[in-house]
Amino acid sequence: MAWNYSELVKQHFFQPKNVGRVENADGTGDVGSIACGDALSLTIAVDKNTDIITDAKFQTFGCGSAIAASSMLTEMIKGKTLDEALKVSNADIAKALGGLPPEKMHCSVMGREALEAAVNNYRGITPEAHDEEEGRVICTCFGVTEGKLRHVIAENDLRTLEDITNYTKAGGGCGACIDELEILLEEHLQQKPHTPTPTAARQPLTNLQRISLIQELLDHEVRPILQEDAGDLELVDIDGLRVTIRMVGQCSGCRAAGLTTKWIEDKLREIVDPAIELHVKEDL
Amino acid sequence: MKRVYADNNATTQVAPEVLDAMMPYLTEKYGNPSSMHEFGGQVGKVIEDAREKVALALGAQNATEIVFLSCGTESDNTAIRSALATKKDRRKIVTTRVEHPAVLTLCRHLEREGYQVRYLPVDRQGNLNLDDLRDAMDDQVAVVSIMAANNETGVLYPVAEAARIAHQHGALFHTDAVQIMGKVPLNLQETDIDLLSISGHKIHAPKGIGALYIRRGSRFRPMILGGHQERGRRGGTENVPGIVALGKAAELSLQHIDDEQTRVRALRDRLETALLRIPNSIVNGDRDNRLPGTLNISFEFVEGEAMLLMLDQVGICASSGSACTSGTLEPSHVLRALGVPFSFAHGSLRFSFGRYNNDADVDHIIETLPPIIERLREISPFKPA
Ligand SMILES: Cc1ncc(COP(=O)(O)O)c(C=O)c1O
């Protein structure tokens, strides 16, 4: 589908400003991942006395609007103090670009996130402490947290599920989080109290053949592909239809791990049993 | 600026011979073939002439086996729905994970109507294992629908053998032959295929015309009910210019198969060899079992849409299976079915050549694409090791 990009988006895509990395950067913000389809690494230099961002550079993997939004972001924050810069919202980035197609708003959100990450990095706020604030991951396909969702929904006054997907990607993969997104949306629309979502029931069942089939499938079909991306998995347990794995290497901590696990689950369901439930054991 | 059209799997240029053939039916010969007068009646004869030509191109036994309809999508939908309607006691469908949305979307819908659908997997090369089909078959399967060639990767599927397997279990066999027509010889008489779909705009006829082959003697249920056109198998006043165009295009496609298999294949192979010199590139789909003009290739660390925008600037039309271009947030279902690593799936490009491409087109791509990838990799935070 041909996107209807503004002249400014095209300009910042074809002649991006501030490409690269600031040497000896004072703050770095890395967001997104190659698996998600876009990633941005923002580096900034900050004047210690005035808190002014004296330089900003970016490296982006992504589509035209992701590159354009990154370029525009660096232009917008240079010369601003950190607090001023943090006032730049994703909507401001989109507006400065002469607008973005609705489906591409998540590119501006990524820019805003990188900015926040770079400032936090400069201020010594660790990603772990920050992640806690972000809360639970709701969309596992694209690693979107509850905190981010609440923030983006409120800031952009999102009104539909489609808006949420356009701005955050949440719900754009397997769709398993749609119910939870609807609850967040309802809360925003009506300021209603949170209601917990029911958890799916599981059916235990054991079978030697199934176990060896699962093992064979993981060893011969899944792991070689993960290894191509410098990742891997370990089979932790098979309890009936419940398969537990641990992601290792590049795969662990990858924010797009949800997409990968969904793919593995699809494979297991297709070849072993449609009722397979895949669980990923998190390392502590 | 020179334009290089390397997106022939998306659609093709209308051949000048086809345009000439259809033109009179857009102008002076506008009669309705159902009319009693000779002005309309003479138009009915050209429809039968076009039917003969399509039958010949497909190696069908009889022209009456061909029904004209509006497009490839309608043909796929009609075939599968008809098969289900004529095998009412059976509730299963077997297809593949790599079908075109014309089949996949319908199958998902049919699941909601209570049918059980089995989506056969493909391997890393995009090939189907017929043992998976054998395993999926039982006496509940009404129809097996497997495409003859994939539109994204060009991978070919063993439909003649698959049709025999379907018949062993009393199921009907349908194939989406939209991409294979005119590129690989077809001879339906020698196969067990019951239903086959084609589309005009992939073979140098205009958009909005297609056909369905229905093996003689098979039962059929129409999807569009109306007048007695197409012997009651597809209601609606005929798209006469489209039908004439499809007939002419089918005739030409037979004449061009050799060209596709030799000259067009050589263009594709030359591009492939040159592009594989770019570090961290892989071909998606079995290189030894593909349509001659299709190249699906991925470049790591760059994103498909970004490449397409830059190619567009230098006049090159291609397509991509990346998330941003598929209009969704995930890479194409075909690349995912092959298990292409995400880092490569997002950076996929498809070039598809045809009758009107030449060496200069390939040269232009070979000259312009490597610097584009280099530039995007400079912008990217990820780089080849
Ligand atoms: C394999 C395949 N099947 C079906 C179609 C649909 O054909 P049409 O565009 O005529 O509906 C296409 C083309 O888009 C195709 O490539």
# chains A, B, ... in the order shown; residues from 1 in each chain; ligands from 1

$ residues_around --residues "Phe58 (chain A)" --least-positions-apart "4" --cutoff "6 Å" --atoms "only C-alpha atoms" --output "ChimeraX atom specification"
/A:19-20,41-42

$ interface_residues --of "chain B" --to "chain A" --cutoff "7 Å" --atoms "only C-alpha atoms" --output "PDB file with C-alpha atoms, in the first residue's frame"
ATOM      1  CA  PHE B 301      19.265  -4.677   9.130  1.00  0.00           C
ATOM      2  CA  VAL B 302      17.171  -2.668   6.671  1.00  0.00           C
ATOM      3  CA  GLU B 303      13.416  -2.394   6.433  1.00  0.00           C
ATOM      4  CA  GLU B 305       9.303  -0.038   3.067  1.00  0.00           C
ATOM      5  CA  ALA B 306      12.320   2.206   3.402  1.00  0.00           C
ATOM      6  CA  ALA B 323       5.260  -5.400   8.243  1.00  0.00           C
ATOM      7  CA  CYS B 324       5.082  -1.766   7.190  1.00  0.00           C
ATOM      8  CA  THR B 325       4.158  -2.643   3.643  1.00  0.00           C
ATOM      9  CA  GLY B 327      -0.492  -2.850   5.981  1.00  0.00           C
ATOM     10  CA  LEU B 329       2.311  -4.833  11.956  1.00  0.00           C
ATOM     11  CA  GLU B 330       3.695  -8.261  11.194  1.00  0.00           C
ATOM     12  CA  PRO B 341      13.930 -14.929  10.883  1.00  0.00           C
ATOM     13  CA  PHE B 342      12.285 -11.617  11.742  1.00  0.00           C
ATOM     14  CA  SER B 343      15.515  -9.744  11.154  1.00  0.00           C
ATOM     15  CA  HIS B 346      11.311  -7.137   7.706  1.00  0.00           C
ATOM     16  CA  ILE B 379      21.296   4.925   9.274  1.00  0.00           C
ATOM     17  CA  SER B 380      20.469   1.617  11.016  1.00  0.00           C
ATOM     18  CA  PRO B 381      21.714   0.848  14.538  1.00  0.00           C
TER      19      PRO B 381
END

$ select_by_dssp --residues "region 93-186 of chain A" --states "alpha helix (DSSP H)" --output "ChimeraX atom specification"
/A:93-96,105-122,127-134,146-155,161-168,178-186

$ residues_around --residues "Lys29 (chain B)" --least-positions-apart "2" --cutoff "9 Å" --atoms "only C-alpha atoms" --output "VMD selection string"
chain B and resid 23 to 27 31 39 to 40 42 to 43

$ residues_near_ligand --ligand "ligand 1" --cutoff "6 Å" --atoms "only C-alpha atoms and all ligand atoms" --output "compact mmCIF listing (two decimals) with N, CA, C and O atoms, in the first residue's frame"
# COMPACT_ATOMS: atom_id res chain seq x y z
N CYS B 71 -12.91 -11.95 -11.31
CA CYS B 71 -11.50 -11.83 -10.92
C CYS B 71 -11.02 -13.13 -10.30
O CYS B 71 -11.81 -14.06 -10.10
N GLY B 72 -9.75 -13.17 -9.97
CA GLY B 72 -9.17 -14.35 -9.33
C GLY B 72 -9.84 -14.63 -7.99
O GLY B 72 -10.11 -15.79 -7.64
N THR B 73 -10.10 -13.59 -7.25
CA THR B 73 -10.70 -13.75 -5.93
C THR B 73 -12.09 -14.38 -6.02
O THR B 73 -12.42 -15.31 -5.27
N HIS B 100 -2.99 -17.24 -1.02
CA HIS B 100 -3.34 -15.83 -1.17
C HIS B 100 -4.54 -15.52 -0.27
O HIS B 100 -5.34 -16.43 0.01
N ALA B 102 -7.23 -14.42 -0.97
CA ALA B 102 -8.47 -14.81 -1.66
C ALA B 102 -8.95 -16.17 -1.17
O ALA B 102 -10.15 -16.45 -1.17
N ASN B 150 3.19 -19.77 -5.58
CA ASN B 150 2.99 -18.72 -4.59
C ASN B 150 3.34 -17.35 -5.16
O ASN B 150 4.38 -17.18 -5.80
N ASN B 151 2.48 -16.36 -4.86
CA ASN B 151 2.67 -15.04 -5.40
C ASN B 151 3.86 -14.30 -4.78
O ASN B 151 4.46 -13.45 -5.41
N ASP B 176 -5.42 -22.58 -7.01
CA ASP B 176 -5.32 -21.19 -7.42
C ASP B 176 -4.12 -21.12 -8.37
O ASP B 176 -2.97 -21.22 -7.93
N VAL B 178 -3.49 -18.62 -10.43
CA VAL B 178 -3.38 -17.23 -10.87
C VAL B 178 -1.94 -16.88 -11.25
O VAL B 178 -1.70 -16.22 -12.26
N GLN B 179 -0.98 -17.31 -10.45
CA GLN B 179 0.41 -16.91 -10.72
C GLN B 179 1.13 -17.82 -11.71
O GLN B 179 2.13 -17.42 -12.30
N SER B 199 -6.68 -15.38 -13.25
CA SER B 199 -7.04 -13.96 -13.23
C SER B 199 -6.40 -13.27 -14.43
O SER B 199 -5.23 -13.48 -14.72

$ residues_around --residues "Ala160 (chain B)" --least-positions-apart "4" --cutoff "10 Å" --atoms "only C-alpha atoms" --output "ChimeraX atom specification"
/B:148,164-165,173,175,187-188,190-193

$ write_last_selection --atoms "N, CA, C and O atoms" --output "JSON list (two decimals), in the first residue's frame"
[["chain", "number", "residue", "atom", "x", "y", "z"],
["B", 148, "ALA", "N", -1.01, -23.29, -7.11],
["B", 148, "ALA", "CA", -0.03, -23.90, -8.01],
["B", 148, "ALA", "C", 1.32, -23.21, -7.88],
["B", 148, "ALA", "O", 2.37, -23.85, -8.01],
["B", 164, "ARG", "N", -4.47, -36.10, -6.93],
["B", 164, "ARG", "CA", -4.68, -37.56, -6.85],
["B", 164, "ARG", "C", -4.93, -37.99, -5.41],
["B", 164, "ARG", "O", -5.81, -38.81, -5.13],
["B", 165, "ILE", "N", -4.17, -37.39, -4.49],
["B", 165, "ILE", "CA", -4.34, -37.75, -3.07],
["B", 165, "ILE", "C", -5.75, -37.35, -2.61],
["B", 165, "ILE", "O", -6.44, -38.12, -1.94],
["B", 173, "PHE", "N", -10.63, -31.28, -5.58],
["B", 173, "PHE", "CA", -9.36, -30.56, -5.53],
["B", 173, "PHE", "C", -9.44, -29.26, -6.32],
["B", 173, "PHE", "O", -9.78, -29.25, -7.51],
["B", 175, "THR", "N", -7.24, -25.61, -7.30],
["B", 175, "THR", "CA", -5.96, -24.92, -7.24],
["B", 175, "THR", "C", -6.10, -23.48, -7.73],
["B", 175, "THR", "O", -6.81, -23.21, -8.69],
["B", 187, "ASN", "N", -1.55, -28.67, -18.29],
["B", 187, "ASN", "CA", -2.32, -29.58, -19.12],
["B", 187, "ASN", "C", -3.36, -30.29, -18.26],
["B", 187, "ASN", "O", -3.13, -31.38, -17.74],
["B", 188, "LEU", "N", -4.48, -29.62, -18.10],
["B", 188, "LEU", "CA", -5.49, -30.10, -17.15],
["B", 188, "LEU", "C", -6.01, -31.50, -17.48],
["B", 188, "LEU", "O", -6.35, -32.26, -16.59],
["B", 190, "GLU", "N", -4.49, -33.99, -18.26],
["B", 190, "GLU", "CA", -3.65, -35.04, -17.70],
["B", 190, "GLU", "C", -3.68, -35.08, -16.18],
["B", 190, "GLU", "O", -2.93, -35.83, -15.56],
["B", 191, "THR", "N", -4.49, -34.23, -15.57],
["B", 191, "THR", "CA", -4.51, -34.21, -14.10],
["B", 191, "THR", "C", -5.89, -34.56, -13.57],
["B", 191, "THR", "O", -6.85, -34.68, -14.33],
["B", 192, "ASP", "N", -5.96, -34.67, -12.24],
["B", 192, "ASP", "CA", -7.21, -34.92, -11.55],
["B", 192, "ASP", "C", -7.83, -33.64, -11.00],
["B", 192, "ASP", "O", -8.75, -33.69, -10.20],
["B", 193, "ILE", "N", -7.26, -32.50, -11.38],
["B", 193, "ILE", "CA", -7.73, -31.23, -10.81],
["B", 193, "ILE", "C", -9.20, -30.99, -11.20],
["B", 193, "ILE", "O", -9.56, -31.10, -12.37]]

$ atom_distance --atom1 "CA of Pro331 (chain B)" --atom2 "CA of Gly143 (chain A)"
16.5 Å

$ atom_distance --atom1 "CA of Arg108 (chain B)" --atom2 "CA of Asp163 (chain A)"
24.6 Å

$ decode --residues "region 30-62 of chain A" --atoms "N, CA, C and O atoms" --output "compact mmCIF listing (two decimals), in the first residue's frame"
# COMPACT_ATOMS: atom_id res chain seq x y z
N ASP A 30 17.83 3.47 23.81
CA ASP A 30 17.60 2.43 22.80
C ASP A 30 16.20 1.87 22.96
O ASP A 30 15.88 1.33 24.01
N VAL A 31 15.39 2.00 21.93
CA VAL A 31 14.03 1.44 22.01
C VAL A 31 13.73 0.63 20.75
O VAL A 31 14.37 0.82 19.72
N GLY A 32 12.74 -0.25 20.86
CA GLY A 32 12.35 -1.09 19.73
C GLY A 32 13.31 -2.25 19.56
O GLY A 32 14.25 -2.43 20.34
N SER A 33 13.10 -3.04 18.54
CA SER A 33 13.98 -4.16 18.25
C SER A 33 13.84 -4.55 16.80
O SER A 33 12.86 -4.21 16.15
N ILE A 34 14.82 -5.28 16.33
CA ILE A 34 14.81 -5.67 14.93
C ILE A 34 13.62 -6.58 14.65
O ILE A 34 13.01 -6.53 13.59
N ALA A 35 13.24 -7.39 15.63
CA ALA A 35 12.12 -8.31 15.42
C ALA A 35 10.80 -7.57 15.29
O ALA A 35 9.91 -7.98 14.57
N CYS A 36 10.69 -6.44 16.02
CA CYS A 36 9.44 -5.67 15.95
C CYS A 36 9.32 -4.91 14.64
O CYS A 36 8.26 -4.42 14.30
N GLY A 37 10.43 -4.76 13.94
CA GLY A 37 10.36 -4.06 12.66
C GLY A 37 10.81 -2.63 12.75
O GLY A 37 10.97 -1.97 11.74
N ASP A 38 11.00 -2.09 13.96
CA ASP A 38 11.66 -0.79 14.05
C ASP A 38 12.40 -0.63 15.37
O ASP A 38 12.01 -1.19 16.39
N ALA A 39 13.48 0.10 15.30
CA ALA A 39 14.32 0.31 16.48
C ALA A 39 15.04 1.64 16.31
O ALA A 39 15.38 2.03 15.20
N LEU A 40 15.23 2.32 17.43
CA LEU A 40 15.84 3.64 17.40
C LEU A 40 16.86 3.74 18.52
O LEU A 40 16.58 3.38 19.66
N SER A 41 18.06 4.20 18.17
CA SER A 41 19.09 4.44 19.17
C SER A 41 19.41 5.93 19.14
O SER A 41 19.95 6.44 18.16
N LEU A 42 19.06 6.62 20.22
CA LEU A 42 19.26 8.07 20.31
C LEU A 42 20.42 8.36 21.26
O LEU A 42 20.46 7.80 22.37
N THR A 43 21.35 9.18 20.83
CA THR A 43 22.44 9.59 21.73
C THR A 43 22.41 11.11 21.86
O THR A 43 22.19 11.82 20.88
N ILE A 44 22.63 11.59 23.10
CA ILE A 44 22.60 13.04 23.33
C ILE A 44 23.83 13.49 24.11
O ILE A 44 24.40 12.72 24.90
N ALA A 45 24.23 14.72 23.84
CA ALA A 45 25.27 15.37 24.65
C ALA A 45 24.58 16.46 25.46
O ALA A 45 23.76 17.20 24.93
N VAL A 46 24.91 16.53 26.76
CA VAL A 46 24.22 17.48 27.64
C VAL A 46 25.24 18.37 28.33
O VAL A 46 26.26 17.89 28.83
N ASP A 47 24.98 19.67 28.35
CA ASP A 47 25.83 20.61 29.09
C ASP A 47 25.49 20.49 30.57
O ASP A 47 24.37 20.76 30.98
N LYS A 48 26.50 20.08 31.36
CA LYS A 48 26.25 19.76 32.77
C LYS A 48 25.72 20.97 33.55
O LYS A 48 24.95 20.84 34.50
N ASN A 49 26.17 22.15 33.17
CA ASN A 49 25.79 23.33 33.95
C ASN A 49 24.40 23.83 33.62
O ASN A 49 23.64 24.23 34.50
N THR A 50 24.08 23.82 32.34
CA THR A 50 22.80 24.41 31.93
C THR A 50 21.72 23.38 31.69
O THR A 50 20.56 23.73 31.52
N ASP A 51 22.08 22.08 31.64
CA ASP A 51 21.12 21.02 31.33
C ASP A 51 20.64 21.08 29.87
O ASP A 51 19.62 20.49 29.52
N ILE A 52 21.36 21.84 29.05
CA ILE A 52 20.93 21.98 27.65
C ILE A 52 21.47 20.84 26.79
O ILE A 52 22.64 20.44 26.95
N ILE A 53 20.62 20.32 25.92
CA ILE A 53 21.05 19.27 24.98
C ILE A 53 21.84 19.97 23.88
O ILE A 53 21.28 20.71 23.08
N THR A 54 23.16 19.74 23.85
CA THR A 54 23.98 20.44 22.88
C THR A 54 24.09 19.68 21.57
O THR A 54 24.37 20.25 20.53
N ASP A 55 23.86 18.37 21.63
CA ASP A 55 23.90 17.60 20.38
C ASP A 55 23.01 16.37 20.53
O ASP A 55 22.82 15.85 21.63
N ALA A 56 22.44 15.95 19.41
CA ALA A 56 21.60 14.74 19.42
C ALA A 56 21.76 14.05 18.08
O ALA A 56 21.76 14.71 17.03
N LYS A 57 21.95 12.74 18.12
CA LYS A 57 22.07 11.98 16.87
C LYS A 57 21.25 10.70 16.99
O LYS A 57 20.97 10.22 18.10
N PHE A 58 20.89 10.17 15.84
CA PHE A 58 20.07 8.95 15.89
C PHE A 58 20.56 7.91 14.90
O PHE A 58 21.20 8.22 13.89
N GLN A 59 20.22 6.65 15.23
CA GLN A 59 20.33 5.56 14.27
C GLN A 59 19.00 4.82 14.31
O GLN A 59 18.54 4.46 15.39
N THR A 60 18.40 4.61 13.17
CA THR A 60 17.08 3.98 13.15
C THR A 60 17.01 2.87 12.12
O THR A 60 17.50 3.02 10.99
N PHE A 61 16.40 1.78 12.55
CA PHE A 61 16.03 0.69 11.64
C PHE A 61 14.52 0.77 11.55
O PHE A 61 13.83 0.71 12.55
N GLY A 62 14.01 0.96 10.35
CA GLY A 62 12.56 1.04 10.24
C GLY A 62 12.13 1.65 8.94
O GLY A 62 12.95 1.92 8.05
